[in-house]
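Enquirer: Okay, handing you the structure first.
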Amino acid sequence: MSPIAFQTRLARTEVGKGLRLMWRRRSLVVAAAIVYGLTYLGISLFIGGGHLVEDLMVRTLPPMLAVLVASTAAVEGTAGIAEEINGGTLEQTRLSPASPQLQALGRMTALAIEGLAVAIVVGIVFVFGVGLHINPQPAALIPVVLTVLDALGYGLIMTALVVRVASIGAISHVGTMAIMAFGGTLVPITFFPHGMEVFARFIPTSLGVEAINSTLAGHGLGATWADGTLPWLLVHTAVVLTAGFSLYAINMRHAQREGGLRPR
Amino acid sequence: MAIVERTHVPAIEAIGLEKTYGRGAKAPAAVKPTTLTVPWGQVLGVLGPNGAGKTTIIKMIGGLITPSAGTIRVGGFDVARQRAQAVRQIGAVLEGSRNVYWPLSAWENLMYFGQLKGLRAAEIKPRAQRLLTELGLWERRHETVGSFSRGMQQKVAVSAALITDPPIILLDEPTIGLDVEAARTFKDWIKHLARDEDKTILLTTHQLEGAQELSDRVAVIKEGEIIADLPTAELLARHAENRFEIRIMGSPNGTVLPPGARIEPDGDQTRVLLPPDTDDRAVFVVLGRLGAAGSQLVSVAKARPSLEEVFIRLIHNGPAADRAPAKEVVA
């Protein structure tokens, strides 16, 4: 078997385990989806002064769905690793020929599937329940994929910090709230004052959401490329993913040096 | 899976192994420079008090803790440089750890850990079936491990460690938290692995009776340093004393004993250890005195220390107490 096929199989094993573990706690996944859905409904009613403003929701629903993916990656990622450290299974998984990065890839892929599944269900509920008119555009697929990768990169950074930072659970929740506040879930970031708008563009998923909204509004990918959103999104995604994988590898090495993989 | 040929390469070879947590001159050494070789098919019992460095050594061998210095070869593969090949030689049950995923079933765990080492599902299934059947878990293979008793969970952990049929098994306090029956089953299983399947086993435990029964060789660690490393029988023989042990009910009631005799209460009984090289005639004299004092005799025997006694002696006094010029090692 070729090394690539072998590594792919190892990564697939991790994905399979992640999905099985998700299935075992499916009631929590459903509960989280309901809570996020109700939170978004509340935010929308608050912003609309007691009414659901369809034009606004068409632009704030994609960032809400991005929050779901990012939140799943970060919160479930950190909780999952912490649980594995405490349970001792992380050490057992390291008795494998798979590299830490490969295992992280499998882990994040499972979380992406979980996050997307929740986002799709919540999205369908709002599109059909509220009657939002969103025109699916094939061009939106690229920013959607990049946004998911951006969210996973953020989640991976948080996950990588678990072995070094004891309070990472709280930090990842704060991070998710920041994405919700500055990523366009309340109002599109173009409504922010200039300085805050610039800051918001550094927040994971916000550039992706802008590109998604732009393509869903009928502007092609060329327009999002021309206004700089797509190139910056590519850069942001690459940086966040690279940082996530590097940090994960570095922190795993550090944990092996300091005995940090053992149950605490 | 690539398992090495058992040639001249030892199963485990640690040279100049050292581990210090933290930095600076004051950083405590968890493991002082240690050299350890385990031949194929041997059961090595690594004994020591809590914090002596047993777990650190096991985890360094498994590549889970990076040594500060030294090299480790597992099946001839350098753990630092050939990690992928080295870890394939190893199955491990680690201390203070669930080892397997409790939300998953026993079957799912075995499939996962087998595939994680690179095996195909078709290769894993018959072995998983055999392991679960032998350990009495086959009927409950689809139940989540979290719903099992502690003993059954530990059996799943052992099965997961053995799923790839590794030639080397690291067992870090595997019977901790198990009840007497489960611990006995576990000990029998370790014996089976060593005798019938010819596995190389590195075992740490605080149950010294079990260690004496299972280990071909014993290494005693104190404060990160191996202070004794001998075949079990030889270690016991070295510490055997040419002295008599008299057991009586109650206490010796002020009986005059020869200088150098030791009195050790042991439950309702008292153990009177006569000085080394006491001749038979002197033994009869002491017995006569004890009889005159009204002591009820239980037994008279040549003293044979258990591994526990040797261990306690080594830990408290070190090899120096036996006037050993240096630490005891396998010649």
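All residue names refer to the structure tokens as shown: chains lettered A, B, ... in order, residues numbered from 1 in each chain, ligands numbered from 1 in order.
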For range 120-134 of chain A, work out the shell of residues within 8 Å, counting only C-alpha atoms and skipping chain neighbours fewer than 6 positions away, then give it as a list of chain:residue names.
Expert: A:Ala33, A:Gly37, A:Glu54, A:Met57, A:Val58, A:Leu61, A:Leu65, A:Leu216
Enquirer: Would you put the residues from that selection into a file with C-alpha atoms, as a short mmCIF file (atom, residue, chain, number, x, y, z; two decimals), in the first residue's frame?
Expert:
```
data_model
loop_
_atom_site.label_atom_id
_atom_site.label_comp_id
_atom_site.auth_asym_id
_atom_site.auth_seq_id
_atom_site.Cartn_x
_atom_site.Cartn_y
_atom_site.Cartn_z
CA ALA A 33 -28.57 23.33 17.57
CA GLY A 37 -31.36 28.54 16.63
CA GLU A 54 -36.18 39.33 6.08
CA MET A 57 -31.84 37.93 8.07
CA VAL A 58 -30.84 36.90 4.57
CA LEU A 61 -28.14 33.84 8.58
CA LEU A 65 -24.34 29.19 10.29
CA LEU A 216 -25.55 34.93 -2.93
#
```
Enquirer: Distance cut-off 7 Å, counting only C-alpha atoms - which residues of chain A neighbour chain B? Return them as a PyMOL selection string.
Expert: chain A and resi 10+13+17+21+24+87-89+91-92+95-97+256-259+263
Enquirer: Can you list, as a count of residues only, all residues belonging to range 104-170 of chain A that DSSP tags as alpha helix (DSSP H)?
Expert: 47
Enquirer: Choose the residue, out of A:Met196, A:Leu146, A:Val174, A:Leu102, that has the smallest atom-to-atom separation from Val75 in chain A; count only C-alpha atoms.
Expert: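 Checking each candidate against Val75 in chain A, we get A:Val174 as the closest.
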Enquirer: May I have the residues within 10 Å of range 221-228 of chain B as number ranges by chain, using only C-alpha atoms and disregarding those fewer than 2 positions away in the same chain?
Expert: B: 18-20, 28-36, 46-54, 56-57, 218-219, 230-231, 235, 311, 314-316, 318-320, 326-330
Enquirer: Pull C-alpha atoms from the residues just selected and write them as a compact mmCIF listing (two decimals), in the first residue's frame.
Expert:
```
# COMPACT_ATOMS: atom_id res chain seq x y z
CA GLU B 18 17.35 10.13 31.31
CA LYS B 19 14.37 12.35 32.02
CA THR B 20 14.25 15.70 33.73
CA PRO B 28 14.26 17.23 39.50
CA ALA B 29 15.39 14.14 37.60
CA ALA B 30 12.45 11.78 37.13
CA VAL B 31 14.76 9.16 35.67
CA LYS B 32 18.51 9.23 36.25
CA PRO B 33 20.80 7.85 33.53
CA THR B 34 19.53 4.33 32.99
CA THR B 35 20.48 1.50 30.72
CA LEU B 36 18.03 -1.36 30.34
CA VAL B 46 9.58 -2.86 37.10
CA LEU B 47 8.97 -2.14 40.75
CA GLY B 48 9.28 1.00 42.79
CA PRO B 49 7.38 3.30 45.11
CA ASN B 50 5.06 5.97 43.75
CA GLY B 51 7.01 8.65 41.90
CA ALA B 52 10.06 6.44 41.44
CA GLY B 53 9.96 6.82 37.65
CA LYS B 54 8.33 3.54 36.54
CA THR B 56 8.03 7.66 32.98
CA ILE B 57 10.25 4.79 31.81
CA VAL B 218 12.82 -7.70 38.33
CA ALA B 219 14.15 -4.17 38.21
CA LEU B 230 18.24 -9.35 38.35
CA PRO B 231 16.35 -12.48 37.37
CA LEU B 235 17.38 -11.58 43.34
CA PHE B 311 11.76 -4.80 47.78
CA LEU B 314 16.12 -2.40 48.85
CA ILE B 315 13.92 0.66 48.99
CA HIS B 316 14.74 1.47 52.60
CA GLY B 318 19.45 0.21 49.11
CA PRO B 319 21.97 -2.34 47.93
CA ALA B 320 24.50 -0.87 50.40
CA ALA B 326 27.61 -1.38 43.45
CA LYS B 327 24.07 -1.73 42.19
CA GLU B 328 23.02 -5.26 41.39
CA VAL B 329 22.66 -5.94 37.70
CA VAL B 330 22.34 -8.90 35.44
```
Enquirer: Could you check how far CA of Ala119 in chain A sits from CA of Val163 in chain A, in Å to one decimal?
Expert: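 Separation between CA of Ala119 in chain A and CA of Val163 in chain A: 28.5 Å.
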Enquirer: From the set A:Thr159, A:Thr205, A:Asn213, A:Gln101, which residue has the shortest atom-to-atom contact distance to Ala181 in chain A, counting only C-alpha atoms?
Expert: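 For Ala181 in chain A, the nearest of the candidates is A:Thr205.
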Enquirer: Name all residues at most 12 Å from Val187 in chain A (count only C-alpha atoms; drop same-chain ones fewer than 6 positions away) and give them as a PyMOL selection string.
Expert: chain A and resi 40+43-44+46-48+53+55-64+180-181+193+197+200+206+209-210
Enquirer: Selected residues, N, CA and C atoms, written as a JSON list (two decimals), in the first residue's frame, please.
Expert:
```json
[["chain", "number", "residue", "atom", "x", "y", "z"],
["A", 40, "TYR", "N", -30.38, 32.86, 17.75],
["A", 40, "TYR", "CA", -30.41, 33.64, 16.50],
["A", 40, "TYR", "C", -31.79, 34.28, 16.32],
["A", 43, "ILE", "N", -31.94, 37.22, 18.64],
["A", 43, "ILE", "CA", -31.12, 38.33, 18.14],
["A", 43, "ILE", "C", -31.86, 39.04, 17.00],
["A", 44, "SER", "N", -32.42, 38.22, 16.10],
["A", 44, "SER", "CA", -33.10, 38.80, 14.94],
["A", 44, "SER", "C", -34.31, 39.62, 15.36],
["A", 46, "PHE", "N", -34.64, 41.06, 18.27],
["A", 46, "PHE", "CA", -34.12, 42.22, 18.98],
["A", 46, "PHE", "C", -33.68, 43.31, 17.99],
["A", 47, "ILE", "N", -32.90, 42.87, 16.99],
["A", 47, "ILE", "CA", -32.40, 43.84, 15.99],
["A", 47, "ILE", "C", -33.56, 44.43, 15.20],
["A", 48, "GLY", "N", -34.57, 43.60, 14.94],
["A", 48, "GLY", "CA", -35.71, 44.07, 14.14],
["A", 48, "GLY", "C", -36.77, 44.78, 14.96],
["A", 53, "VAL", "N", -36.82, 40.87, 10.25],
["A", 53, "VAL", "CA", -36.59, 41.66, 9.03],
["A", 53, "VAL", "C", -35.91, 40.75, 8.01],
["A", 55, "ASP", "N", -34.87, 41.02, 4.90],
["A", 55, "ASP", "CA", -33.68, 41.49, 4.16],
["A", 55, "ASP", "C", -32.42, 41.40, 5.01],
["A", 56, "LEU", "N", -32.61, 41.69, 6.30],
["A", 56, "LEU", "CA", -31.45, 41.62, 7.21],
["A", 56, "LEU", "C", -31.08, 40.16, 7.50],
["A", 57, "MET", "N", -32.11, 39.34, 7.71],
["A", 57, "MET", "CA", -31.84, 37.93, 8.07],
["A", 57, "MET", "C", -31.17, 37.16, 6.94],
["A", 58, "VAL", "N", -31.49, 37.56, 5.71],
["A", 58, "VAL", "CA", -30.84, 36.90, 4.57],
["A", 58, "VAL", "C", -29.33, 37.11, 4.64],
["A", 59, "ARG", "N", -28.91, 38.24, 5.24],
["A", 59, "ARG", "CA", -27.47, 38.53, 5.34],
["A", 59, "ARG", "C", -26.87, 38.09, 6.68],
["A", 60, "THR", "N", -27.71, 37.90, 7.68],
["A", 60, "THR", "CA", -27.15, 37.49, 8.98],
["A", 60, "THR", "C", -27.25, 35.98, 9.22],
["A", 61, "LEU", "N", -28.06, 35.30, 8.40],
["A", 61, "LEU", "CA", -28.14, 33.84, 8.58],
["A", 61, "LEU", "C", -26.82, 33.14, 8.21],
["A", 62, "PRO", "N", -26.19, 33.47, 7.06],
["A", 62, "PRO", "CA", -24.91, 32.80, 6.76],
["A", 62, "PRO", "C", -23.87, 32.95, 7.87],
["A", 63, "PRO", "N", -23.68, 34.18, 8.44],
["A", 63, "PRO", "CA", -22.71, 34.25, 9.55],
["A", 63, "PRO", "C", -23.12, 33.42, 10.76],
["A", 64, "MET", "N", -24.43, 33.31, 10.99],
["A", 64, "MET", "CA", -24.88, 32.47, 12.12],
["A", 64, "MET", "C", -24.51, 31.01, 11.86],
["A", 180, "MET", "N", -19.50, 35.61, 16.91],
["A", 180, "MET", "CA", -20.93, 35.93, 16.78],
["A", 180, "MET", "C", -21.13, 37.45, 16.75],
["A", 181, "ALA", "N", -20.40, 38.15, 17.62],
["A", 181, "ALA", "CA", -20.60, 39.59, 17.73],
["A", 181, "ALA", "C", -20.01, 40.35, 16.55],
["A", 193, "PRO", "N", -18.75, 50.82, 12.40],
["A", 193, "PRO", "CA", -17.84, 51.96, 12.18],
["A", 193, "PRO", "C", -16.54, 51.43, 11.54],
["A", 197, "GLU", "N", -14.96, 47.75, 11.65],
["A", 197, "GLU", "CA", -15.12, 46.92, 10.45],
["A", 197, "GLU", "C", -13.78, 46.29, 10.07],
["A", 200, "ALA", "N", -13.06, 43.60, 12.50],
["A", 200, "ALA", "CA", -13.96, 42.45, 12.28],
["A", 200, "ALA", "C", -13.45, 41.54, 11.16],
["A", 206, "SER", "N", -15.45, 35.96, 9.16],
["A", 206, "SER", "CA", -16.12, 37.20, 8.73],
["A", 206, "SER", "C", -15.86, 37.50, 7.25],
["A", 209, "VAL", "N", -17.93, 35.09, 5.22],
["A", 209, "VAL", "CA", -19.35, 35.44, 5.21],
["A", 209, "VAL", "C", -19.61, 36.58, 4.23],
["A", 210, "GLU", "N", -18.70, 37.55, 4.21],
["A", 210, "GLU", "CA", -18.84, 38.65, 3.24],
["A", 210, "GLU", "C", -18.86, 38.11, 1.82]]
```
